[in-house]
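work_13.cif follows; it contains mmCIF, C-alpha atoms.
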data_start
#
loop_
_atom_site.group_PDB
_atom_site.id
_atom_site.type_symbol
_atom_site.label_atom_id
_atom_site.label_comp_id
_atom_site.auth_asym_id
_atom_site.auth_seq_id
_atom_site.Cartn_x
_atom_site.Cartn_y
_atom_site.Cartn_z
ATOM 1 C CA MET A 1 -14.945 -13.720 -16.195
ATOM 2 C CA THR A 2 -14.937 -13.817 -12.391
ATOM 3 C CA HIS A 3 -15.326 -17.601 -12.500
ATOM 4 C CA ARG A 4 -12.250 -17.776 -14.718
ATOM 5 C CA TYR A 5 -10.318 -15.666 -12.224
ATOM 6 C CA GLU A 6 -11.288 -17.923 -9.309
ATOM 7 C CA LYS A 7 -10.327 -21.005 -11.322
ATOM 8 C CA VAL A 8 -6.901 -19.540 -12.086
ATOM 9 C CA VAL A 9 -6.326 -18.598 -8.445
ATOM 10 C CA LYS A 10 -7.451 -22.008 -7.157
ATOM 11 C CA VAL A 11 -4.865 -23.653 -9.388
ATOM 12 C CA ILE A 12 -2.159 -21.324 -8.096
ATOM 13 C CA LEU A 13 -3.145 -21.736 -4.448
ATOM 14 C CA ASN A 14 -3.045 -25.540 -4.691
ATOM 15 C CA SER A 15 0.093 -25.895 -6.760
ATOM 16 C CA ILE A 16 3.669 -26.751 -5.843
ATOM 17 C CA ARG A 17 4.578 -23.412 -7.389
ATOM 18 C CA TYR A 18 2.412 -21.629 -4.849
ATOM 19 C CA ARG A 19 3.830 -23.622 -1.940
ATOM 20 C CA ASP A 20 7.304 -22.547 -3.051
ATOM 21 C CA PHE A 21 6.083 -18.958 -3.197
ATOM 22 C CA HIS A 22 4.633 -19.368 0.299
ATOM 23 C CA LYS A 23 8.039 -20.412 1.677
ATOM 24 C CA GLN A 24 9.816 -17.568 -0.102
ATOM 25 C CA SER A 25 7.254 -15.054 1.142
ATOM 26 C CA LEU A 26 7.746 -16.145 4.746
ATOM 27 C CA LEU A 27 11.507 -15.920 4.332
ATOM 28 C CA TYR A 28 11.306 -12.509 2.673
ATOM 29 C CA THR A 29 9.049 -10.996 5.351
ATOM 30 C CA GLN A 30 11.009 -12.425 8.286
ATOM 31 C CA PRO A 31 13.215 -9.308 8.826
ATOM 32 C CA ILE A 32 10.246 -6.949 8.975
ATOM 33 C CA ASN A 33 8.359 -9.350 11.251
ATOM 34 C CA SER A 34 11.327 -9.367 13.624
ATOM 35 C CA LEU A 35 11.332 -5.564 13.661
ATOM 36 C CA ILE A 36 7.588 -5.474 14.311
ATOM 37 C CA GLN A 37 7.841 -7.880 17.243
ATOM 38 C CA LEU A 38 10.687 -5.896 18.804
ATOM 39 C CA CYS A 39 9.341 -2.372 18.297
ATOM 40 C CA SER A 40 5.557 -2.455 18.153
ATOM 41 C CA THR A 41 4.294 -4.843 20.794
ATOM 42 C CA GLN A 42 1.681 -2.330 22.012
ATOM 43 C CA LEU A 43 0.028 -2.414 18.589
ATOM 44 C CA LYS A 44 -0.434 -6.196 18.806
ATOM 45 C CA ILE A 45 0.484 -6.706 15.150
ATOM 46 C CA ARG A 46 -0.364 -10.258 14.013
ATOM 47 C CA ASN A 47 0.612 -10.092 10.358
ATOM 48 C CA PHE A 48 2.114 -7.875 7.671
ATOM 49 C CA THR A 49 1.130 -7.933 3.994
ATOM 50 C CA PHE A 50 2.492 -5.753 1.191
ATOM 51 C CA PHE A 51 0.339 -5.093 -1.889
ATOM 52 C CA ARG A 52 1.541 -3.170 -4.981
ATOM 53 C CA LEU A 53 -1.209 -2.314 -7.465
ATOM 54 C CA TRP A 54 -0.150 -1.116 -10.907
ATOM 55 C CA ASN A 55 -2.280 1.234 -12.981
ATOM 56 C CA ASP A 56 -3.042 -1.616 -15.406
ATOM 57 C CA LEU A 57 -4.611 -3.453 -12.407
ATOM 58 C CA SER A 58 -1.904 -6.115 -12.255
ATOM 59 C CA PHE A 59 -0.474 -6.499 -8.774
ATOM 60 C CA SER A 60 2.341 -7.880 -6.666
ATOM 61 C CA THR A 61 2.001 -9.088 -3.113
ATOM 62 C CA ILE A 62 3.954 -10.757 -0.353
ATOM 63 C CA SER A 63 2.698 -11.652 3.093
ATOM 64 C CA ALA A 64 3.946 -13.073 6.345
ATOM 65 C CA GLU A 65 0.813 -15.243 6.159
ATOM 66 C CA PRO A 66 0.121 -15.973 2.462
ATOM 67 C CA SER A 67 -2.762 -18.329 3.304
ATOM 68 C CA LEU A 68 -4.868 -15.200 3.916
ATOM 69 C CA ILE A 69 -5.080 -14.872 0.127
ATOM 70 C CA LYS A 70 -7.302 -17.894 -0.350
ATOM 71 C CA PRO A 71 -10.437 -16.832 1.611
ATOM 72 C CA TYR A 72 -9.929 -13.280 0.345
ATOM 73 C CA VAL A 73 -10.188 -14.473 -3.250
ATOM 74 C CA LEU A 74 -12.863 -17.133 -2.893
ATOM 75 C CA ASN A 75 -15.189 -14.761 -1.025
ATOM 76 C CA LYS A 76 -14.594 -12.025 -3.642
ATOM 77 C CA LEU A 77 -13.521 -9.553 -0.957
ATOM 78 C CA TRP A 78 -11.504 -7.645 -3.559
ATOM 79 C CA GLN A 79 -14.849 -6.190 -4.727
ATOM 80 C CA TYR A 80 -14.925 -3.939 -1.640
ATOM 81 C CA ASP A 81 -11.232 -3.503 -0.927
ATOM 82 C CA LEU A 82 -9.742 0.007 -1.037
ATOM 83 C CA VAL A 83 -6.247 -1.376 -1.712
ATOM 84 C CA ALA A 84 -7.578 -2.778 -5.011
ATOM 85 C CA ILE A 85 -8.371 0.680 -6.432
ATOM 86 C CA PRO A 86 -5.550 2.846 -7.878
ATOM 87 C CA SER A 87 -7.602 6.070 -7.726
ATOM 88 C CA LEU A 88 -7.969 5.850 -3.930
ATOM 89 C CA THR A 89 -4.961 6.632 -1.756
ATOM 90 C CA GLN A 90 -5.021 7.659 1.902
ATOM 91 C CA PRO A 91 -1.999 7.944 4.224
ATOM 92 C CA ILE A 92 -3.576 5.597 6.802
ATOM 93 C CA TYR A 93 -6.977 4.021 7.409
ATOM 94 C CA SER A 94 -8.791 0.963 8.725
ATOM 95 C CA ARG A 95 -9.162 -1.467 5.835
ATOM 96 C CA LEU A 96 -11.877 -3.420 7.610
ATOM 97 C CA ASP A 97 -14.204 -0.437 8.066
ATOM 98 C CA ALA A 98 -14.355 0.179 4.326
ATOM 99 C CA TYR A 99 -16.194 -3.105 3.760
ATOM 100 C CA PRO A 100 -20.018 -3.276 3.700
ATOM 101 C CA PHE A 101 -21.565 -5.330 6.500
ATOM 102 C CA THR A 102 -21.666 -8.781 4.873
ATOM 103 C CA ALA A 103 -18.148 -8.617 3.448
ATOM 104 C CA LYS A 104 -16.862 -7.134 6.708
ATOM 105 C CA SER A 105 -18.285 -10.092 8.631
ATOM 106 C CA ILE A 106 -16.514 -12.552 6.320
ATOM 107 C CA TYR A 107 -13.219 -10.673 6.588
ATOM 108 C CA LEU A 108 -13.483 -10.337 10.368
ATOM 109 C CA LYS A 109 -14.184 -14.047 10.791
ATOM 110 C CA ASN A 110 -11.073 -14.799 8.721
ATOM 111 C CA ILE A 111 -8.686 -12.498 10.575
ATOM 112 C CA GLN A 112 -9.941 -13.563 14.002
ATOM 113 C CA LYS A 113 -8.177 -16.874 13.361
ATOM 114 C CA TYR A 114 -4.971 -14.870 13.850
ATOM 115 C CA GLN A 115 -6.217 -13.172 17.050
ATOM 116 C CA ALA A 116 -6.785 -9.905 15.195
ATOM 117 C CA LYS A 117 -9.648 -7.425 15.082
ATOM 118 C CA ASN A 118 -8.642 -4.927 12.413
ATOM 119 C CA VAL A 119 -6.330 -4.126 9.509
ATOM 120 C CA ILE A 120 -4.434 -0.838 9.472
ATOM 121 C CA VAL A 121 -3.252 0.266 6.028
ATOM 122 C CA ILE A 122 -0.537 2.773 5.165
ATOM 123 C CA GLU A 123 -0.594 3.734 1.480
ATOM 124 C CA HIS A 124 1.758 5.471 -0.919
ATOM 125 C CA ASP A 125 0.869 6.847 -4.340
ATOM 126 C CA LEU A 126 3.928 6.162 -6.526
ATOM 127 C CA HIS A 127 2.446 7.596 -9.737
ATOM 128 C CA THR A 128 2.526 4.413 -11.850
ATOM 129 C CA CYS A 129 1.481 2.193 -8.951
ATOM 130 C CA LYS A 130 0.074 2.292 -5.432
ATOM 131 C CA ASP A 131 1.682 0.545 -2.464
ATOM 132 C CA SER A 132 -0.424 -0.648 0.465
ATOM 133 C CA HIS A 133 1.184 -1.899 3.691
ATOM 134 C CA CYS A 134 -1.431 -3.870 5.616
ATOM 135 C CA PHE A 135 -0.913 -4.555 9.312
ATOM 136 C CA LEU A 136 -3.203 -7.092 10.969
ATOM 137 C CA VAL A 137 -3.724 -5.785 14.527
ATOM 138 C CA ASP A 138 -5.590 -6.843 17.642
ATOM 139 C CA LEU A 139 -7.233 -3.433 18.072
ATOM 140 C CA GLU A 140 -10.845 -2.294 17.801
ATOM 141 C CA THR A 141 -11.618 0.741 15.642
ATOM 142 C CA ASP A 142 -12.216 2.960 18.686
ATOM 143 C CA GLU A 143 -8.765 2.038 20.039
ATOM 144 C CA ILE A 144 -6.990 3.393 16.963
ATOM 145 C CA ALA A 145 -5.289 6.781 17.300
ATOM 146 C CA PHE A 146 -4.288 7.219 13.686
ATOM 147 C CA GLN A 147 -1.659 9.936 14.174
ATOM 148 C CA GLU A 148 0.246 7.964 16.805
ATOM 149 C CA ILE A 149 -0.024 4.670 14.946
ATOM 150 C CA PHE A 150 1.142 6.298 11.717
ATOM 151 C CA ARG A 151 4.344 7.520 13.349
ATOM 152 C CA GLN A 152 5.223 3.957 14.360
ATOM 153 C CA LEU A 153 4.162 2.130 11.223
ATOM 154 C CA PHE A 154 5.662 4.617 8.764
ATOM 155 C CA ASP A 155 9.168 3.865 10.018
ATOM 156 C CA ILE A 156 8.482 0.145 9.602
ATOM 157 C CA THR A 157 7.526 0.752 5.966
ATOM 158 C CA LEU A 158 10.782 2.649 5.434
ATOM 159 C CA PHE A 159 12.683 -0.376 6.679
ATOM 160 C CA PHE A 160 10.656 -2.602 4.355
ATOM 161 C CA TYR A 161 11.746 -0.591 1.305
ATOM 162 C CA LYS A 162 15.370 -1.100 2.268
ATOM 163 C CA LYS A 163 14.779 -4.850 1.974
ATOM 164 C CA TYR A 164 12.213 -5.199 -0.806
ATOM 165 C CA GLN A 165 13.068 -5.131 -4.505
ATOM 166 C CA GLU A 166 10.248 -6.412 -6.649
ATOM 167 C CA ARG A 167 12.425 -7.617 -9.519
ATOM 168 C CA ASP A 168 14.366 -9.906 -7.144
ATOM 169 C CA PHE A 169 11.297 -11.528 -5.631
ATOM 170 C CA PRO A 170 9.906 -14.766 -7.140
ATOM 171 C CA GLU A 171 6.495 -14.386 -8.828
ATOM 172 C CA PRO A 172 6.585 -10.559 -8.656
ATOM 173 C CA LYS A 173 3.173 -10.341 -10.353
ATOM 174 C CA MET A 174 1.106 -13.245 -9.162
ATOM 175 C CA PHE A 175 -1.999 -12.662 -11.290
ATOM 176 C CA VAL A 176 -2.306 -11.187 -14.769
ATOM 177 C CA PRO A 177 -4.552 -8.115 -15.111
ATOM 178 C CA ASN A 178 -7.072 -9.486 -17.638
ATOM 179 C CA THR A 179 -8.265 -12.577 -15.775
ATOM 180 C CA TYR A 180 -11.341 -10.858 -14.344
ATOM 181 C CA SER A 181 -13.439 -7.749 -14.779
ATOM 182 C CA ARG A 182 -12.592 -6.018 -11.516
ATOM 183 C CA PRO A 183 -13.267 -2.390 -12.579
ATOM 184 C CA THR A 184 -16.959 -2.866 -13.403
ATOM 185 C CA GLN A 185 -17.622 -4.984 -10.316
ATOM 186 C CA HIS A 186 -15.821 -3.000 -7.638
ATOM 187 C CA TYR A 187 -17.863 -1.208 -4.969
ATOM 188 C CA TYR A 188 -15.767 1.993 -5.061
ATOM 189 C CA TYR A 189 -14.312 1.972 -8.582
ATOM 190 C CA ASN A 190 -15.007 5.198 -10.537
ATOM 191 C CA LYS A 191 -17.358 6.322 -7.754
ATOM 192 C CA VAL A 192 -14.868 7.788 -5.298
ATOM 193 C CA ASN A 193 -11.511 9.257 -6.318
ATOM 194 C CA THR A 194 -9.118 10.785 -3.824
ATOM 195 C CA LEU A 195 -5.329 10.780 -3.807
ATOM 196 C CA PHE A 196 -3.364 12.110 -0.842
ATOM 197 C CA SER A 197 -0.894 14.509 -2.516
ATOM 198 C CA PRO A 198 1.359 16.058 0.144
ATOM 199 C CA TYR A 199 3.989 17.592 -2.126
ATOM 200 C CA LEU A 200 1.985 20.215 -4.029
ATOM 201 C CA SER A 201 3.101 23.025 -1.712
ATOM 202 C CA LEU A 202 6.739 22.227 -2.530
ATOM 203 C CA LYS A 203 6.112 22.678 -6.244
ATOM 204 C CA GLN A 204 5.480 26.415 -6.017
ATOM 205 C CA HIS A 205 7.938 27.080 -3.208
ATOM 206 C CA TYR A 206 10.890 25.453 -4.995
ATOM 207 C CA HIS A 207 9.756 25.960 -8.610
ATOM 208 C CA LEU A 208 9.456 22.238 -9.264
ATOM 209 C CA THR A 209 7.779 20.564 -12.245
ATOM 210 C CA ASP A 210 5.024 17.970 -12.309
ATOM 211 C CA ARG A 211 7.652 15.430 -13.315
ATOM 212 C CA ASN A 212 9.711 16.358 -10.253
ATOM 213 C CA LEU A 213 6.674 15.607 -8.089
ATOM 214 C CA ASP A 214 6.464 12.098 -9.554
ATOM 215 C CA TYR A 215 9.798 11.411 -7.854
ATOM 216 C CA MET A 216 9.031 12.919 -4.447
ATOM 217 C CA HIS A 217 7.273 9.995 -2.781
ATOM 218 C CA LEU A 218 9.777 7.500 -4.167
ATOM 219 C CA ILE A 219 12.684 9.506 -2.764
ATOM 220 C CA THR A 220 10.873 9.896 0.576
ATOM 221 C CA LEU A 221 10.683 6.114 0.881
ATOM 222 C CA GLY A 222 14.426 5.811 0.363
ATOM 223 C CA LEU A 223 14.157 3.863 -2.882
ATOM 224 C CA ALA A 224 17.341 3.394 -4.871
ATOM 225 C CA SER A 225 17.622 5.023 -8.286
ATOM 226 C CA SER A 226 17.324 1.598 -9.913
ATOM 227 C CA GLU A 227 13.990 0.989 -8.153
ATOM 228 C CA ILE A 228 12.713 4.430 -9.125
ATOM 229 C CA SER A 229 13.728 3.712 -12.707
ATOM 230 C CA SER A 230 11.786 0.442 -12.659
ATOM 231 C CA ILE A 231 8.641 1.974 -11.145
ATOM 232 C CA LEU A 232 8.500 5.116 -13.289
ATOM 233 C CA LYS A 233 9.692 3.327 -16.457
ATOM 234 C CA ARG A 234 12.479 5.833 -17.042
ATOM 235 C CA SER A 235 16.153 5.314 -17.674
ATOM 236 C CA LEU A 236 18.572 5.223 -14.765
ATOM 237 C CA ARG A 237 20.401 8.231 -16.180
ATOM 238 C CA THR A 238 17.169 10.242 -16.382
ATOM 239 C CA VAL A 239 16.299 9.313 -12.806
ATOM 240 C CA GLU A 240 19.664 10.390 -11.438
ATOM 241 C CA GLN A 241 19.632 13.649 -13.403
ATOM 242 C CA THR A 242 16.124 14.472 -12.190
ATOM 243 C CA ILE A 243 17.039 13.788 -8.561
ATOM 244 C CA ASP A 244 20.087 16.050 -8.939
ATOM 245 C CA ASN A 245 17.845 18.793 -10.376
ATOM 246 C CA ILE A 246 15.475 18.496 -7.426
ATOM 247 C CA ARG A 247 18.384 18.735 -4.981
ATOM 248 C CA TYR A 248 19.707 21.796 -6.793
ATOM 249 C CA ASN A 249 16.316 23.552 -6.715
ATOM 250 C CA MET A 250 15.936 22.782 -3.011
ATOM 251 C CA ASN A 251 19.534 23.820 -2.211
ATOM 252 C CA LEU A 252 20.451 20.431 -0.740
ATOM 253 C CA LYS A 253 23.922 18.970 -1.150
ATOM 254 C CA THR A 254 23.353 15.208 -1.051
ATOM 255 C CA ARG A 255 20.718 12.584 -1.809
ATOM 256 C CA LYS A 256 20.567 11.686 1.911
ATOM 257 C CA GLU A 257 19.801 15.310 2.797
ATOM 258 C CA LEU A 258 16.981 15.324 0.250
ATOM 259 C CA GLU A 259 15.591 12.029 1.551
ATOM 260 C CA ALA A 260 15.685 13.217 5.182
ATOM 261 C CA PHE A 261 14.069 16.554 4.277
ATOM 262 C CA LEU A 262 11.216 14.848 2.423
ATOM 263 C CA GLN A 263 10.606 12.331 5.211
ATOM 264 C CA VAL A 264 10.245 15.104 7.799
ATOM 265 C CA PHE A 265 8.033 17.070 5.405
ATOM 266 C CA TYR A 266 5.852 14.037 4.630
ATOM 267 C CA ARG A 267 5.310 13.249 8.326
ATOM 268 C CA SER A 268 4.277 16.855 8.948
ATOM 269 C CA GLN A 269 1.803 16.773 6.067
ATOM 270 C CA VAL A 270 0.235 13.545 7.311
ATOM 271 C CA ASP A 271 -0.054 14.986 10.828
ATOM 272 C CA ALA A 272 -1.802 18.082 9.453
ATOM 273 C CA TYR A 273 -4.092 15.968 7.273
ATOM 274 C CA LEU A 274 -5.096 13.613 10.096
ATOM 275 C CA ALA A 275 -5.745 16.554 12.424
ATOM 276 C CA LYS A 276 -8.500 17.650 10.023
ATOM 277 C CA ASN A 277 -9.594 14.323 8.531
ATOM 278 C CA ASN A 278 -10.481 11.228 10.540
ATOM 279 C CA PRO A 279 -10.013 8.275 8.140
ATOM 280 C CA ASN A 280 -13.041 6.425 9.536
ATOM 281 C CA VAL A 281 -15.265 9.469 9.014
ATOM 282 C CA ILE A 282 -14.038 9.860 5.430
ATOM 283 C CA ILE A 283 -14.714 6.206 4.651
ATOM 284 C CA GLN A 284 -18.197 6.400 6.168
ATOM 285 C CA GLN A 285 -18.930 9.452 3.996
ATOM 286 C CA TRP A 286 -17.892 7.450 0.916
ATOM 287 C CA LYS A 287 -20.161 4.580 1.902
ATOM 288 C CA ASP A 288 -23.071 6.930 2.616
ATOM 289 C CA LYS A 289 -22.577 8.554 -0.782
ATOM 290 C CA LEU A 290 -22.729 5.193 -2.556
ATOM 291 C CA ILE A 291 -25.939 4.019 -0.891
ATOM 292 C CA THR A 292 -27.735 7.375 -1.249
ATOM 293 C CA PRO A 293 -30.209 7.328 -4.196
#
Output the structure of this file as structure tokens.
Amino acid sequence: MTHRYEKVVKVILNSIRYRDFHKQSLLYTQPINSLIQLCSTQLKIRNFTFFRLWNDLSFSTISAEPSLIKPYVLNKLWQYDLVAIPSLTQPIYSRLDAYPFTAKSIYLKNIQKYQAKNVIVIEHDLHTCKDSHCFLVDLETDEIAFQEIFRQLFDITLFFYKKYQERDFPEPKMFVPNTYSRPTQHYYYNKVNTLFSPYLSLKQHYHLTDRNLDYMHLITLGLASSEISSILKRSLRTVEQTIDNIRYNMNLKTRKELEAFLQVFYRSQVDAYLAKNNPNVIIQQWKDKLITP
């Protein structure tokens, strides 16, 4: 099954269709690259890649450097990749440090071509899918102050959502979900499950429902009602009514007030979480758990 997957991907990577996708991806990521270069020079960001993983294991991706996909696939690095698992969501972490030694060496050799040393990931659990924003940076693990870096990169992701609409992008789902048996082969799959859920305290305080909570992260990211409808698979009318109900319960007059409130709240929850949980320590605990008899 894995061989079939690699064969499919090789065809895509070497096709005219893929080269067209490559051009479109560069064009589509140009605005966020410009913002990165202007605002985050101290982070030494070399590349940005967006990865949306659906619960059926299909996925969408765009990258400022799409050629990174090829060595990633051919070396089967997805087998150790946290972004490839829907049941794992952290607000920010080092993607590279989650890999076992051999896979980490392969990944590091690949990214060093772009004068980078690490990959910082900001993730969002959107209920029916997980979004991972991957920033290739020229920073060692011990140079990463996660709370400070989060504050800078989170705002970049907000800008990205203003520009990105999956349904308008060519090849929104590059690979079909049944081309390989990822679940049974993945290093972390069904072994570690942890979702960062920052909105639970709002549920009791404002008498919200579980369905209301499904909307919280999407509203925080500034997504339009049409995008929320597409992601949650609910009608536009239902989405707008639900958002109005949330505003009413929280005594907020406008959608912009609700969005601003949730963004401030989300930042505070991430700060509190990172003050107690170092992402590198958490990942090492996962790895230790998996290799312990």
* Could you state which residues are captured by the PyMOL selection byres ((chain A and resi 227-236) around 9) in this file, as a PyMOL selection string? => chain A and resi 126-129+165-167+214-215+218-219+223-226+237-241
Let me see the file: selected residues, C-alpha atoms, as an mmCIF file, in the frame of the given file.
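Result saved to part-v5.cif:
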data_model
loop_
_atom_site.group_PDB
_atom_site.id
_atom_site.type_symbol
_atom_site.label_atom_id
_atom_site.label_comp_id
_atom_site.auth_asym_id
_atom_site.auth_seq_id
_atom_site.Cartn_x
_atom_site.Cartn_y
_atom_site.Cartn_z
ATOM 1 C CA LEU A 126 3.928 6.162 -6.526
ATOM 2 C CA HIS A 127 2.446 7.596 -9.737
ATOM 3 C CA THR A 128 2.526 4.413 -11.850
ATOM 4 C CA CYS A 129 1.481 2.193 -8.951
ATOM 5 C CA GLN A 165 13.068 -5.131 -4.505
ATOM 6 C CA GLU A 166 10.248 -6.412 -6.649
ATOM 7 C CA ARG A 167 12.425 -7.617 -9.519
ATOM 8 C CA ASP A 214 6.464 12.098 -9.554
ATOM 9 C CA TYR A 215 9.798 11.411 -7.854
ATOM 10 C CA LEU A 218 9.777 7.500 -4.167
ATOM 11 C CA ILE A 219 12.684 9.506 -2.764
ATOM 12 C CA LEU A 223 14.157 3.863 -2.882
ATOM 13 C CA ALA A 224 17.341 3.394 -4.871
ATOM 14 C CA SER A 225 17.622 5.023 -8.286
ATOM 15 C CA SER A 226 17.324 1.598 -9.913
ATOM 16 C CA ARG A 237 20.401 8.231 -16.180
ATOM 17 C CA THR A 238 17.169 10.242 -16.382
ATOM 18 C CA VAL A 239 16.299 9.313 -12.806
ATOM 19 C CA GLU A 240 19.664 10.390 -11.438
ATOM 20 C CA GLN A 241 19.632 13.649 -13.403
#
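Between CA of Ala84 (chain A) and CA of Phe196 (chain A) there is a distance of 16.0 Å.
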Distance query region 247-256 of chain A at most 7 Å, all atoms listed in the file, self and fewer than 4 positions along chain excluded, as a JSON list (two decimals) with C-alpha atoms, keeping the file's coordinate frame:
[["chain", "number", "residue", "atom", "x", "y", "z"],
["A", 206, "TYR", "CA", 10.89, 25.45, -5.00],
["A", 243, "ILE", "CA", 17.04, 13.79, -8.56],
["A", 260, "ALA", "CA", 15.68, 13.22, 5.18]]
* Matched chain/residue IDs from the PyMOL selection byres ((chain A and resi 185-188) around 12), as a PyMOL selection string -> chain A and resi 1-2+76-88+98-100+103+180-184+189-194+283+286-291
* Test item: the PyMOL selection byres ((chain A and resi 198) around 12) resolved as an MDAnalysis selection string -> chainID A and resid 89:91 124:125 195:197 199:203 213:214 216:217 220 262:273
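Interatomic distance, CA of Arg46 (chain A) to CA of Lys163 (chain A): 20.1 Å.
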* Point (-11.1, 5.9, 17.5) neighbourhood (12 Å, all atoms listed in the file) written as a VMD selection string -> chain A and resid 93 to 94 97 139 to 149 278 to 281
Could you save those same residues with C-alpha atoms as a compact mmCIF listing (two decimals), in the coordinates of the input?
# COMPACT_ATOMS: atom_id res chain seq x y z
CA TYR A 93 -6.98 4.02 7.41
CA SER A 94 -8.79 0.96 8.72
CA ASP A 97 -14.20 -0.44 8.07
CA LEU A 139 -7.23 -3.43 18.07
CA GLU A 140 -10.84 -2.29 17.80
CA THR A 141 -11.62 0.74 15.64
CA ASP A 142 -12.22 2.96 18.69
CA GLU A 143 -8.76 2.04 20.04
CA ILE A 144 -6.99 3.39 16.96
CA ALA A 145 -5.29 6.78 17.30
CA PHE A 146 -4.29 7.22 13.69
CA GLN A 147 -1.66 9.94 14.17
CA GLU A 148 0.25 7.96 16.80
CA ILE A 149 -0.02 4.67 14.95
CA ASN A 278 -10.48 11.23 10.54
CA PRO A 279 -10.01 8.28 8.14
CA ASN A 280 -13.04 6.42 9.54
CA VAL A 281 -15.26 9.47 9.01
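Computed from the coordinates, the CA of Cys134 (chain A) to CA of Ser63 (chain A) distance equals 9.2 Å.
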* To do: Determine, counting all atoms listed in the file, every residue of protein, DNA or RNA that lies within 7 Å of (-2.8, -8.9, 10.0) in the file coordinates, then give the result as a VMD selection string.
  => chain A and resid 45 to 48 111 116 119 134 to 137
* Pick out the closest residue to Gln37 (chain A) from this set: A:Ser132, A:Val73, A:Lys113, A:Ile156. Count all atoms listed in the file. => A:Ile156
